[in-house]
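**Student:** If it helps, the file is called my_file-v4.cif and holds mmCIF, C-alpha atoms:
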```
data_structure
#
loop_
_atom_site.label_atom_id
_atom_site.label_comp_id
_atom_site.auth_asym_id
_atom_site.auth_seq_id
_atom_site.Cartn_x
_atom_site.Cartn_y
_atom_site.Cartn_z
CA MET A 1 0.00 0.00 0.00
CA LYS A 2 2.82 2.41 0.85
CA LYS A 3 4.40 1.68 -2.52
CA HIS A 4 1.24 2.57 -4.39
CA PHE A 5 0.92 5.81 -2.39
CA ALA A 6 4.50 6.82 -3.24
CA VAL A 7 3.85 6.21 -6.95
CA PHE A 8 0.70 8.34 -6.71
CA ILE A 9 2.62 11.26 -5.13
CA PHE A 10 5.32 10.98 -7.81
CA ILE A 11 2.73 11.20 -10.59
CA LEU A 12 1.18 14.30 -9.00
CA LEU A 13 4.60 15.95 -8.88
CA LEU A 14 5.14 15.17 -12.55
CA LEU A 15 1.75 16.65 -13.40
CA GLY A 16 2.65 19.77 -11.44
CA LEU A 17 5.82 20.15 -13.45
CA CYS A 18 3.92 19.72 -16.72
CA VAL A 19 1.28 22.45 -16.25
CA PRO A 20 0.72 24.10 -19.67
CA PRO A 21 2.13 27.66 -20.03
CA GLY A 22 -1.38 28.99 -20.75
CA PHE A 23 -2.35 28.40 -17.13
CA SER A 24 0.58 30.43 -15.70
CA GLN A 25 0.46 34.20 -15.04
CA ALA A 26 1.92 35.56 -18.34
CA ALA A 27 2.69 39.14 -17.27
CA GLY A 28 5.76 41.31 -17.02
CA THR A 29 7.05 44.03 -14.75
CA VAL A 30 8.15 47.56 -15.63
CA LYS A 31 9.99 50.16 -13.60
CA GLY A 32 12.13 53.23 -14.04
CA VAL A 33 13.22 56.64 -12.78
CA CYS A 34 12.22 59.99 -14.29
CA ARG A 35 14.56 62.99 -14.09
CA ASP A 36 14.17 66.53 -15.46
CA SER A 37 16.57 68.61 -17.53
CA GLU A 38 18.57 69.41 -14.41
CA GLY A 39 18.84 65.76 -13.39
CA LYS A 40 16.34 66.11 -10.53
CA PRO A 41 13.63 63.52 -9.90
CA ILE A 42 10.20 64.37 -11.31
CA ALA A 43 7.65 63.68 -8.59
CA ASP A 44 3.99 63.00 -9.49
CA ALA A 45 4.87 62.56 -13.15
CA VAL A 46 2.68 60.35 -15.32
CA VAL A 47 4.17 57.49 -17.38
CA VAL A 48 1.86 55.85 -19.90
CA TRP A 49 2.72 52.44 -21.36
CA ALA A 50 0.56 52.03 -24.49
CA ASN A 51 0.44 48.62 -26.14
CA GLN A 52 0.33 49.28 -29.89
CA GLU A 53 -0.72 45.70 -30.61
CA ASN A 54 -3.96 45.60 -28.64
CA GLY A 55 -4.54 49.23 -27.59
CA GLN A 56 -4.19 48.47 -23.88
CA LYS A 57 -2.77 51.29 -21.73
CA TYR A 58 -1.15 51.34 -18.29
CA THR A 59 -0.99 54.74 -16.58
CA LEU A 60 1.61 54.92 -13.82
CA LYS A 61 2.60 57.71 -11.42
CA THR A 62 6.04 58.49 -9.99
CA ASN A 63 6.80 58.84 -6.29
CA LYS A 64 8.81 61.62 -4.65
CA LYS A 65 12.02 60.04 -5.93
CA GLY A 66 10.73 60.07 -9.50
CA GLU A 67 10.34 56.27 -9.49
CA TYR A 68 7.55 54.28 -11.07
CA PHE A 69 6.82 50.54 -10.89
CA SER A 70 4.09 48.16 -12.03
CA LEU A 71 3.36 44.44 -12.15
CA GLY A 72 0.93 42.73 -14.51
CA ILE A 73 2.04 44.30 -17.78
CA THR A 74 0.99 42.23 -20.80
CA PRO A 75 4.05 41.20 -22.82
CA SER A 76 4.40 42.84 -26.22
CA LYS A 77 7.16 43.87 -28.60
CA ASP A 78 5.56 47.23 -29.36
CA TYR A 79 4.90 49.62 -26.49
CA THR A 80 4.99 53.41 -26.79
CA VAL A 81 6.02 54.83 -23.43
CA THR A 82 5.29 58.52 -22.80
CA LEU A 83 6.31 60.80 -19.95
CA TYR A 84 4.14 63.72 -18.80
CA ARG A 85 5.09 66.21 -16.11
CA ASN A 86 1.76 65.81 -14.29
CA ALA A 87 -1.81 64.57 -14.69
CA ASP A 88 -3.02 67.85 -16.23
CA ASP A 89 -0.35 67.68 -18.92
CA ALA A 90 -1.32 64.08 -19.59
CA LYS A 91 -4.93 65.13 -20.16
CA ALA A 92 -3.76 67.92 -22.46
CA ASN A 93 -1.34 65.51 -24.21
CA LYS A 94 1.63 67.78 -23.43
CA GLU A 95 4.42 65.22 -23.28
CA LEU A 96 7.99 65.68 -22.12
CA LEU A 97 9.46 62.66 -23.91
CA HIS A 98 8.43 59.32 -25.37
CA PHE A 99 10.04 56.10 -26.53
CA GLY A 100 8.65 53.83 -29.22
CA LYS A 101 8.96 50.13 -30.00
CA VAL A 102 9.69 49.22 -26.39
CA GLY A 103 9.38 45.52 -25.66
CA VAL A 104 7.99 43.90 -22.50
CA SER A 105 8.59 40.21 -21.73
CA LEU A 106 8.07 38.05 -18.66
CA ASP A 107 11.31 39.48 -17.31
CA GLU A 108 11.48 42.84 -15.54
CA LYS A 109 11.79 45.80 -17.95
CA GLU A 110 13.60 48.91 -16.75
CA LEU A 111 13.10 52.16 -18.70
CA ASP A 112 14.41 55.46 -17.34
CA PHE A 113 13.58 58.98 -18.53
CA ASP A 114 16.51 61.33 -18.21
CA LEU A 115 15.77 64.68 -19.87
CA LYS A 116 19.23 66.01 -19.09
CA LYS A 117 20.87 63.04 -20.77
CA GLU A 118 18.54 63.32 -23.75
CA ALA A 119 19.48 66.98 -24.17
CA GLU A 120 23.17 66.09 -24.09
CA GLU A 121 22.63 63.41 -26.73
CA GLN A 122 20.77 65.83 -28.94
CA ALA A 123 23.54 68.38 -28.48
CA LYS A 124 26.10 65.98 -29.90
CA GLY A 125 24.27 65.83 -33.20
CA THR A 126 23.56 69.56 -33.50
CA GLY A 127 26.83 71.14 -32.44
CA LEU A 128 25.01 72.85 -29.57
CA THR A 129 25.80 72.64 -25.90
CA ALA A 130 23.41 70.88 -23.55
CA GLU A 131 22.36 74.27 -22.17
CA GLN A 132 21.63 75.57 -25.67
CA VAL A 133 19.54 72.51 -26.44
CA LYS A 134 17.67 73.04 -23.18
CA GLN A 135 16.95 76.65 -24.14
CA GLN A 136 15.85 75.53 -27.59
CA GLN A 137 13.47 73.02 -26.03
CA GLU A 138 12.08 75.67 -23.70
CA VAL A 139 11.43 77.98 -26.65
CA GLN A 140 9.70 75.19 -28.53
CA GLU A 141 7.63 74.27 -25.49
CA LYS A 142 6.64 77.91 -25.01
CA ALA A 143 5.63 78.18 -28.67
CA LYS A 144 3.60 75.00 -28.41
CA LYS A 145 1.86 76.29 -25.28
CA GLU A 146 1.14 79.59 -27.02
CA ASN A 147 -0.38 77.82 -29.99
CA ASN A 148 -2.60 75.75 -27.71
CA THR A 149 -3.72 78.90 -25.90
CA ILE A 150 -4.49 80.68 -29.15
CA LYS A 151 -6.50 77.72 -30.36
CA ALA A 152 -8.54 77.64 -27.15
CA LEU A 153 -9.13 81.40 -27.25
CA ASN A 154 -10.23 81.32 -30.88
CA GLU A 155 -12.75 78.64 -30.02
CA LYS A 156 -14.17 80.84 -27.26
CA ILE A 157 -14.33 83.86 -29.58
CA THR A 158 -16.19 81.79 -32.17
CA THR A 159 -18.64 80.56 -29.53
CA ALA A 160 -19.18 84.08 -28.18
CA ASN A 161 -19.73 85.56 -31.64
CA ALA A 162 -22.33 82.91 -32.42
CA ALA A 163 -24.10 83.72 -29.14
CA MET A 164 -24.12 87.47 -29.85
CA LYS A 165 -25.42 86.85 -33.34
CA ASN A 166 -28.36 85.03 -31.78
CA GLY A 167 -28.90 87.81 -29.25
CA ASP A 168 -27.63 85.75 -26.32
CA PHE A 169 -25.31 88.40 -24.92
CA ASP A 170 -25.18 86.93 -21.41
CA SER A 171 -23.69 83.67 -22.72
CA ALA A 172 -21.20 85.67 -24.77
CA ILE A 173 -20.22 87.67 -21.69
CA SER A 174 -19.66 84.46 -19.71
CA THR A 175 -17.55 82.88 -22.46
CA LEU A 176 -15.43 85.98 -23.08
CA THR A 177 -14.90 86.52 -19.35
CA GLU A 178 -13.43 83.00 -19.22
CA ALA A 179 -11.20 83.92 -22.15
CA THR A 180 -9.85 87.02 -20.38
CA GLN A 181 -9.13 84.88 -17.33
CA MET A 182 -7.12 82.51 -19.52
CA ASP A 183 -5.11 85.37 -21.01
CA ALA A 184 -5.67 88.99 -20.01
CA SER A 185 -3.01 90.37 -22.34
CA ARG A 186 -5.01 90.28 -25.60
CA ASP A 187 -6.83 93.45 -26.61
CA ILE A 188 -9.30 91.65 -28.89
CA LEU A 189 -10.74 89.72 -25.93
CA TRP A 190 -11.45 92.85 -23.91
CA ALA A 191 -12.88 94.62 -26.96
CA GLN A 192 -15.25 91.77 -27.72
CA LEU A 193 -16.27 91.49 -24.07
CA ALA A 194 -17.04 95.21 -24.18
CA ASP A 195 -19.09 94.66 -27.37
CA ALA A 196 -21.11 92.01 -25.55
CA TYR A 197 -21.79 94.30 -22.59
CA ARG A 198 -22.72 97.17 -24.92
CA GLY A 199 -25.07 94.95 -26.89
CA SER A 200 -26.67 93.53 -23.76
CA ALA A 201 -27.28 96.98 -22.29
CA VAL A 202 -29.80 97.81 -25.02
CA LYS A 203 -31.95 94.84 -23.97
CA GLN A 204 -32.13 95.85 -20.31
CA THR A 205 -35.41 97.23 -18.98
CA ASP A 206 -33.92 98.19 -15.63
CA SER A 207 -32.11 101.53 -15.97
CA ALA A 208 -29.62 100.72 -13.21
CA GLU A 209 -28.63 97.43 -14.88
CA LYS A 210 -28.36 99.16 -18.25
CA LYS A 211 -26.06 101.80 -16.78
CA LYS A 212 -23.96 99.14 -15.07
CA ARG A 213 -23.43 97.22 -18.30
CA LEU A 214 -22.53 100.34 -20.26
CA GLU A 215 -19.98 101.27 -17.60
CA GLU A 216 -18.53 97.76 -17.83
CA ALA A 217 -18.31 98.21 -21.59
CA THR A 218 -16.43 101.52 -21.27
CA THR A 219 -14.02 99.94 -18.76
CA ASP A 220 -13.29 96.99 -21.01
CA TYR A 221 -12.86 99.20 -24.10
CA GLY A 222 -10.34 101.15 -22.04
CA LYS A 223 -8.39 97.95 -21.33
CA ALA A 224 -8.44 97.01 -25.02
CA ILE A 225 -7.18 100.47 -25.98
CA ASP A 226 -4.33 100.39 -23.45
CA LEU A 227 -3.15 96.98 -24.64
CA LYS A 228 -3.38 97.87 -28.32
CA GLN A 229 -1.60 101.20 -27.79
CA LYS A 230 1.26 99.45 -25.99
CA ALA A 231 1.52 96.95 -28.85
CA VAL A 232 1.60 99.75 -31.41
CA ASP A 233 4.23 101.69 -29.45
CA ALA A 234 6.39 98.60 -28.99
CA GLY A 235 6.60 97.65 -32.67
CA ALA A 236 6.37 99.01 -36.17
CA LYS A 237 3.06 100.75 -36.79
CA LYS A 238 0.82 98.84 -39.17
CA PRO A 239 -2.23 100.36 -40.86
CA GLU A 240 -4.48 97.60 -39.56
CA ASP A 241 -3.31 98.24 -35.98
CA THR A 242 -4.14 101.95 -36.08
CA LYS A 243 -7.52 101.22 -37.68
CA GLN A 244 -8.27 98.69 -34.96
CA LEU A 245 -7.26 101.15 -32.25
CA ALA A 246 -9.48 103.82 -33.81
CA ALA A 247 -12.37 101.34 -33.92
CA TYR A 248 -11.93 100.71 -30.19
CA TYR A 249 -12.12 104.45 -29.52
CA ASN A 250 -15.22 104.71 -31.72
CA ASN A 251 -16.99 101.95 -29.79
CA LEU A 252 -15.90 103.54 -26.51
CA GLY A 253 -17.50 106.76 -27.73
CA GLU A 254 -20.77 104.98 -28.45
CA ALA A 255 -20.87 103.29 -25.04
CA ALA A 256 -20.03 106.56 -23.28
CA GLY A 257 -22.64 108.42 -25.31
CA LYS A 258 -25.36 105.92 -24.37
CA SER A 259 -24.29 106.35 -20.73
CA GLY A 260 -24.87 110.09 -21.00
CA LYS A 261 -21.15 110.86 -20.74
CA VAL A 262 -21.13 113.31 -23.63
CA ASP A 263 -17.67 114.83 -23.08
CA GLU A 264 -16.07 111.41 -22.72
CA ALA A 265 -17.82 110.23 -25.89
CA VAL A 266 -16.73 113.24 -27.94
CA LYS A 267 -13.15 112.87 -26.71
CA ALA A 268 -13.12 109.22 -27.79
CA TYR A 269 -14.49 110.04 -31.26
CA GLU A 270 -11.94 112.81 -31.75
CA GLN A 271 -9.16 110.47 -30.68
CA ALA A 272 -10.35 107.93 -33.25
CA ALA A 273 -10.33 110.62 -35.96
CA GLN A 274 -6.77 111.64 -35.11
CA ILE A 275 -5.54 108.05 -35.21
CA ASN A 276 -7.29 107.01 -38.43
CA SER A 277 -7.70 109.93 -40.84
CA GLU A 278 -9.39 107.67 -43.41
CA GLY A 279 -12.33 107.16 -41.09
CA ALA A 280 -12.30 110.67 -39.62
CA ALA A 281 -15.53 111.77 -41.33
CA GLY A 282 -17.48 108.95 -39.70
CA TYR A 283 -15.99 109.58 -36.27
CA TYR A 284 -16.70 113.33 -36.39
CA TYR A 285 -20.24 112.58 -37.58
CA ASN A 286 -20.77 110.32 -34.55
CA ALA A 287 -19.47 113.08 -32.27
CA GLY A 288 -21.90 115.52 -33.90
CA ALA A 289 -24.79 113.10 -33.36
CA VAL A 290 -24.00 112.75 -29.63
CA LEU A 291 -23.75 116.52 -29.25
CA THR A 292 -27.00 117.03 -31.14
CA ASN A 293 -28.82 114.59 -28.86
CA ALA A 294 -27.33 116.40 -25.84
CA GLY A 295 -28.63 119.75 -27.12
CA LYS A 296 -25.12 121.20 -27.55
CA VAL A 297 -25.94 122.90 -30.84
CA ASP A 298 -22.81 125.00 -31.38
CA ASP A 299 -20.46 122.12 -30.60
CA ALA A 300 -22.52 119.84 -32.86
CA ILE A 301 -22.21 122.29 -35.76
CA LYS A 302 -18.43 122.37 -35.29
CA ALA A 303 -18.30 118.57 -35.30
CA PHE A 304 -20.31 118.37 -38.53
CA ASP A 305 -18.03 121.00 -40.09
CA LYS A 306 -15.06 118.76 -39.26
CA CYS A 307 -16.91 115.84 -40.80
CA ILE A 308 -17.55 117.84 -43.99
CA ALA A 309 -13.90 118.93 -44.13
CA ALA A 310 -12.85 115.26 -43.92
CA ASP A 311 -15.41 114.16 -46.53
CA PRO A 312 -17.12 116.93 -48.54
CA ASN A 313 -19.47 114.38 -50.09
CA LYS A 314 -21.00 113.09 -46.86
CA ALA A 315 -24.54 114.30 -47.45
CA GLU A 316 -25.95 113.48 -44.00
CA ALA A 317 -23.43 115.84 -42.37
CA TYR A 318 -24.87 118.79 -44.31
CA TYR A 319 -28.38 117.85 -43.30
CA GLN A 320 -27.49 117.49 -39.60
CA LYS A 321 -25.61 120.79 -39.70
CA GLY A 322 -28.70 122.41 -41.17
CA VAL A 323 -30.90 120.89 -38.44
CA ASN A 324 -28.64 122.34 -35.73
CA LEU A 325 -28.47 125.70 -37.45
CA ILE A 326 -32.23 125.95 -37.78
CA GLY A 327 -32.43 125.21 -34.10
CA LYS A 328 -30.84 128.62 -33.59
CA ALA A 329 -33.41 130.38 -35.81
CA THR A 330 -35.30 133.34 -34.38
CA LEU A 331 -38.73 134.81 -35.08
CA GLN A 332 -38.88 138.32 -36.41
CA GLY A 333 -42.53 139.11 -36.48
CA ASP A 334 -44.13 136.13 -38.16
CA LYS A 335 -41.01 135.25 -40.13
CA MET A 336 -38.43 132.66 -39.11
CA VAL A 337 -34.88 133.88 -39.60
CA ALA A 338 -32.21 131.18 -39.66
CA PRO A 339 -28.47 131.71 -39.14
CA PRO A 340 -26.28 132.15 -42.23
CA GLY A 341 -25.41 128.86 -43.90
CA THR A 342 -28.66 127.09 -43.04
CA ALA A 343 -30.17 127.15 -46.52
CA GLU A 344 -26.80 126.26 -48.06
CA ALA A 345 -26.51 123.20 -45.81
CA PHE A 346 -29.92 121.83 -46.78
CA ASN A 347 -29.40 122.58 -50.45
CA LYS A 348 -26.05 120.82 -50.44
CA TYR A 349 -27.71 117.76 -48.94
CA LEU A 350 -30.34 117.83 -51.70
CA GLU A 351 -27.63 118.22 -54.32
CA LEU A 352 -25.84 115.12 -53.06
CA GLN A 353 -28.97 113.09 -52.29
CA PRO A 354 -31.97 114.58 -54.14
CA THR A 355 -34.11 111.56 -53.22
CA GLY A 356 -32.37 110.73 -49.94
CA THR A 357 -33.96 109.79 -46.63
CA TYR A 358 -34.13 113.39 -45.49
CA ALA A 359 -34.95 115.00 -48.86
CA ASP A 360 -38.58 115.88 -48.07
CA VAL A 361 -37.73 117.18 -44.61
CA ALA A 362 -34.90 119.28 -46.04
CA LYS A 363 -37.31 120.88 -48.51
CA GLN A 364 -39.77 121.60 -45.70
CA MET A 365 -37.01 123.22 -43.66
CA LEU A 366 -36.06 125.42 -46.60
CA ALA A 367 -39.68 126.43 -47.04
CA SER A 368 -40.00 127.30 -43.35
CA ILE A 369 -37.17 129.84 -43.58
CA GLY A 370 -38.30 131.20 -46.93
CA GLY A 371 -35.50 129.50 -48.84
CA SER A 372 -35.75 127.84 -52.20
CA VAL A 373 -34.44 124.56 -53.52
CA GLU A 374 -31.46 125.25 -55.75
CA THR A 375 -30.66 123.12 -58.76
CA GLY A 376 -26.94 123.42 -58.04
CA PHE A 377 -25.29 124.21 -54.75
CA GLY A 378 -23.18 127.38 -54.90
CA THR A 379 -24.33 128.26 -58.40
CA LYS A 380 -25.91 131.68 -58.69
CA LYS A 381 -28.98 131.95 -60.84
CA LYS A 382 -28.71 134.32 -63.80
CA PRO A 383 -30.99 137.35 -63.54
CA ALA A 384 -33.99 137.42 -65.84
CA PRO A 385 -33.30 139.41 -69.03
CA LYS A 386 -34.67 142.93 -69.08
CA LYS A 387 -37.59 143.54 -71.33
#
```
Could you show the structure in this file as structure tokens?
**Tutor:**
Amino acid sequence: MKKHFAVFIFILLLLGLCVPPGFSQAAGTVKGVCRDSEGKPIADAVVVWANQENGQKYTLKTNKKGEYFSLGITPSKDYTVTLYRNADDAKANKELLHFGKVGVSLDEKELDFDLKKEAEEQAKGTGLTAEQVKQQQEVQEKAKKENNTIKALNEKITTANAAMKNGDFDSAISTLTEATQMDASRDILWAQLADAYRGSAVKQTDSAEKKKRLEEATTDYGKAIDLKQKAVDAGAKKPEDTKQLAAYYNNLGEAAGKSGKVDEAVKAYEQAAQINSEGAAGYYYNAGAVLTNAGKVDDAIKAFDKCIAADPNKAEAYYQKGVNLIGKATLQGDKMVAPPGTAEAFNKYLELQPTGTYADVAKQMLASIGGSVETGFGTKKKPAPKK
């Protein structure tokens, strides 16, 4: 009986030695140390082992010594191993370094990341020192980060513009506020945020809220102007930069005018005219409109004269000048006497736009002061021949 038992135990041992490989734990181990460009350990770094054969990924994290370690890695001849400085960079796919075609077997695989050593290796092939390579890498990383920021900001601008187009100014304000928090150094962001506040103010039924939003708009236009002016002063002046700066001043003028800040509005329009002479007529016209609405007749007339000097063919400026002049008319008996130049202003408008928006009103104004509609502005009629 003892003999049979011994044979039985021997057979079991043989069976134990002959267990098929498929029933064993077929997994490998990986480990390594991660060091930065100064040779210091990178704590809390993320190391991703991506199996290119089956798509499986293992995400590992380094300890305070920059070490990582993991069991249970499926063997493969084709792993891509990528180092990220932290979890946020991993989510943003901002890698520090990666290795391709890394093999993992049942044996332990050690793979270190040494950014300093990598820089030195790169330097050998470029003729640069390790420090120069490091600086080059920093410049490239900065450029990459800048490009990512610009992309994100452009997406927010697109979203905000779509919202404003649909009249959803509050959503646009929220989106553009986030954009300014991402990067407060870009004038276009502040200008568009100001546009959103200015547009939203019109829709407000509460006067206090309307005033608040217009004040926010003027503040943000001011920020956009300061940033753009600094950019213009720092580099070569480009026509598009000065036009953009003038446009900011023009929009500031509109927001200030709607807030009842007439002097501030006029100052902004005049500044725009000085910066961009090509658009001066429009800016002076806007100043004249604000002054007209404020009842400042004499100042309005001067503004429209500046508009006419900048563009002698701007018909509406003649009409608005005439309106302000007739506002200074006096009654002498039962006759209305208008200041000199009133009839000429209305007639010039009719010459330029005989069927324009204000044509009928201009003719009525002329009739009210006893004037006549001339066929040609500044052309004296020949006297009738003597009989």
**Student:** Kindly extract all protein, DNA and RNA residues lying within 6 Å of the coordinates (-23.1, 89.6, -29.1) given in the file, considering all atoms listed in the file, and supply them as a list in words.
**Tutor:**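 Protein and nucleic acid residues near the point are Asn161, Ala163, Met164, Lys165, Phe169 and Ala196 of chain A.
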**Student:** Run the PyMOL selection byres ((chain A and resi 361) around 12) mentally over the shown coordinates, then write out the matched residues as a list in words, using the chain letters and numbers from the document.
**Tutor:**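 The output of the PyMOL selection byres ((chain A and resi 361) around 12) on this file is Tyr319, Gln320, Gly322, Val323, Phe346, Asn347, Tyr349, Leu350, Pro354, Thr355, Gly356, Thr357, Tyr358, Ala359, Asp360, Ala362, Lys363, Gln364, Met365, Leu366, Ala367 and Ser368 of chain A.
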**Student:** Any chance you could resolve the PyMOL selection byres ((chain A and resi 109) around 12) against this file and give the residues as a list in words?
**Tutor:** Ala27, Gly28, Thr29, Val30, Lys31, Gly32, Trp49, Tyr68, Phe69, Ser70, Leu71, Gly72, Ile73, Thr74, Pro75, Ser76, Lys77, Tyr79, Val102, Gly103, Val104, Ser105, Leu106, Asp107, Glu108, Glu110, Leu111 and Asp112 of chain A
**Student:** Limited to C-alpha atoms, could you put the picked residues into a file as a PDB file, keeping the file's coordinate frame?
**Tutor:**
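Produced file again.pdb, reproduced below:
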```
ATOM      1  CA  ALA A  27       2.690  39.140 -17.270  1.00  0.00           C
ATOM      2  CA  GLY A  28       5.760  41.310 -17.020  1.00  0.00           C
ATOM      3  CA  THR A  29       7.050  44.030 -14.750  1.00  0.00           C
ATOM      4  CA  VAL A  30       8.150  47.560 -15.630  1.00  0.00           C
ATOM      5  CA  LYS A  31       9.990  50.160 -13.600  1.00  0.00           C
ATOM      6  CA  GLY A  32      12.130  53.230 -14.040  1.00  0.00           C
ATOM      7  CA  TRP A  49       2.720  52.440 -21.360  1.00  0.00           C
ATOM      8  CA  TYR A  68       7.550  54.280 -11.070  1.00  0.00           C
ATOM      9  CA  PHE A  69       6.820  50.540 -10.890  1.00  0.00           C
ATOM     10  CA  SER A  70       4.090  48.160 -12.030  1.00  0.00           C
ATOM     11  CA  LEU A  71       3.360  44.440 -12.150  1.00  0.00           C
ATOM     12  CA  GLY A  72       0.930  42.730 -14.510  1.00  0.00           C
ATOM     13  CA  ILE A  73       2.040  44.300 -17.780  1.00  0.00           C
ATOM     14  CA  THR A  74       0.990  42.230 -20.800  1.00  0.00           C
ATOM     15  CA  PRO A  75       4.050  41.200 -22.820  1.00  0.00           C
ATOM     16  CA  SER A  76       4.400  42.840 -26.220  1.00  0.00           C
ATOM     17  CA  LYS A  77       7.160  43.870 -28.600  1.00  0.00           C
ATOM     18  CA  TYR A  79       4.900  49.620 -26.490  1.00  0.00           C
ATOM     19  CA  VAL A 102       9.690  49.220 -26.390  1.00  0.00           C
ATOM     20  CA  GLY A 103       9.380  45.520 -25.660  1.00  0.00           C
ATOM     21  CA  VAL A 104       7.990  43.900 -22.500  1.00  0.00           C
ATOM     22  CA  SER A 105       8.590  40.210 -21.730  1.00  0.00           C
ATOM     23  CA  LEU A 106       8.070  38.050 -18.660  1.00  0.00           C
ATOM     24  CA  ASP A 107      11.310  39.480 -17.310  1.00  0.00           C
ATOM     25  CA  GLU A 108      11.480  42.840 -15.540  1.00  0.00           C
ATOM     26  CA  GLU A 110      13.600  48.910 -16.750  1.00  0.00           C
ATOM     27  CA  LEU A 111      13.100  52.160 -18.700  1.00  0.00           C
ATOM     28  CA  ASP A 112      14.410  55.460 -17.340  1.00  0.00           C
TER      29      ASP A 112
END
```
**Student:** Expanded to explicit residues, what is the PyMOL selection byres ((chain A and resi 50) around 10) for this file, as an MDAnalysis selection string?
**Tutor:** chainID A and resid 47:49 51:59 78:82 100 102
**Student:** Create the file for the chosen residues now, containing C-alpha atoms and written as a short mmCIF file (atom, residue, chain, number, x, y, z; two decimals), keeping the file's coordinate frame.
**Tutor:**
```cif
data_model
loop_
_atom_site.label_atom_id
_atom_site.label_comp_id
_atom_site.auth_asym_id
_atom_site.auth_seq_id
_atom_site.Cartn_x
_atom_site.Cartn_y
_atom_site.Cartn_z
CA VAL A 47 4.17 57.49 -17.38
CA VAL A 48 1.86 55.85 -19.90
CA TRP A 49 2.72 52.44 -21.36
CA ASN A 51 0.44 48.62 -26.14
CA GLN A 52 0.33 49.28 -29.89
CA GLU A 53 -0.72 45.70 -30.61
CA ASN A 54 -3.96 45.60 -28.64
CA GLY A 55 -4.54 49.23 -27.59
CA GLN A 56 -4.19 48.47 -23.88
CA LYS A 57 -2.77 51.29 -21.73
CA TYR A 58 -1.15 51.34 -18.29
CA THR A 59 -0.99 54.74 -16.58
CA ASP A 78 5.56 47.23 -29.36
CA TYR A 79 4.90 49.62 -26.49
CA THR A 80 4.99 53.41 -26.79
CA VAL A 81 6.02 54.83 -23.43
CA THR A 82 5.29 58.52 -22.80
CA GLY A 100 8.65 53.83 -29.22
CA VAL A 102 9.69 49.22 -26.39
#
```
**Student:** Quote the spacing between atom CA of Ala272 of chain A and atom CA of Ile308 of chain A in Å to one decimal place.
**Tutor:**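 Computing the Euclidean distance for atom CA of Ala272 of chain A and atom CA of Ile308 of chain A yields 16.3 Å.
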**Student:** Which residues are close to Asn286 of chain A, i.e. within 10 Å by only C-alpha atoms, leaving aside same-chain residues fewer than 2 positions away? Reply as a PyMOL selection string.
**Tutor:** chain A and resi 250+253-254+257+265-266+269-270+280-284+288-292+300+303-304+307+317
**Student:** Would you mind telling me which residue in A:Asn93, A:Ile173, A:Ala179, A:Ser259 lies nearest to Glu209 of chain A when using all atoms listed in the file?
**Tutor:**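 Under the stated criterion, the closest residue is A:Ser259.
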**Student:** Can you measure atom CA of Leu97 of chain A to atom CA of Asn63 of chain A for me? One decimal in Å is fine.
**Tutor:** 18.2 Å
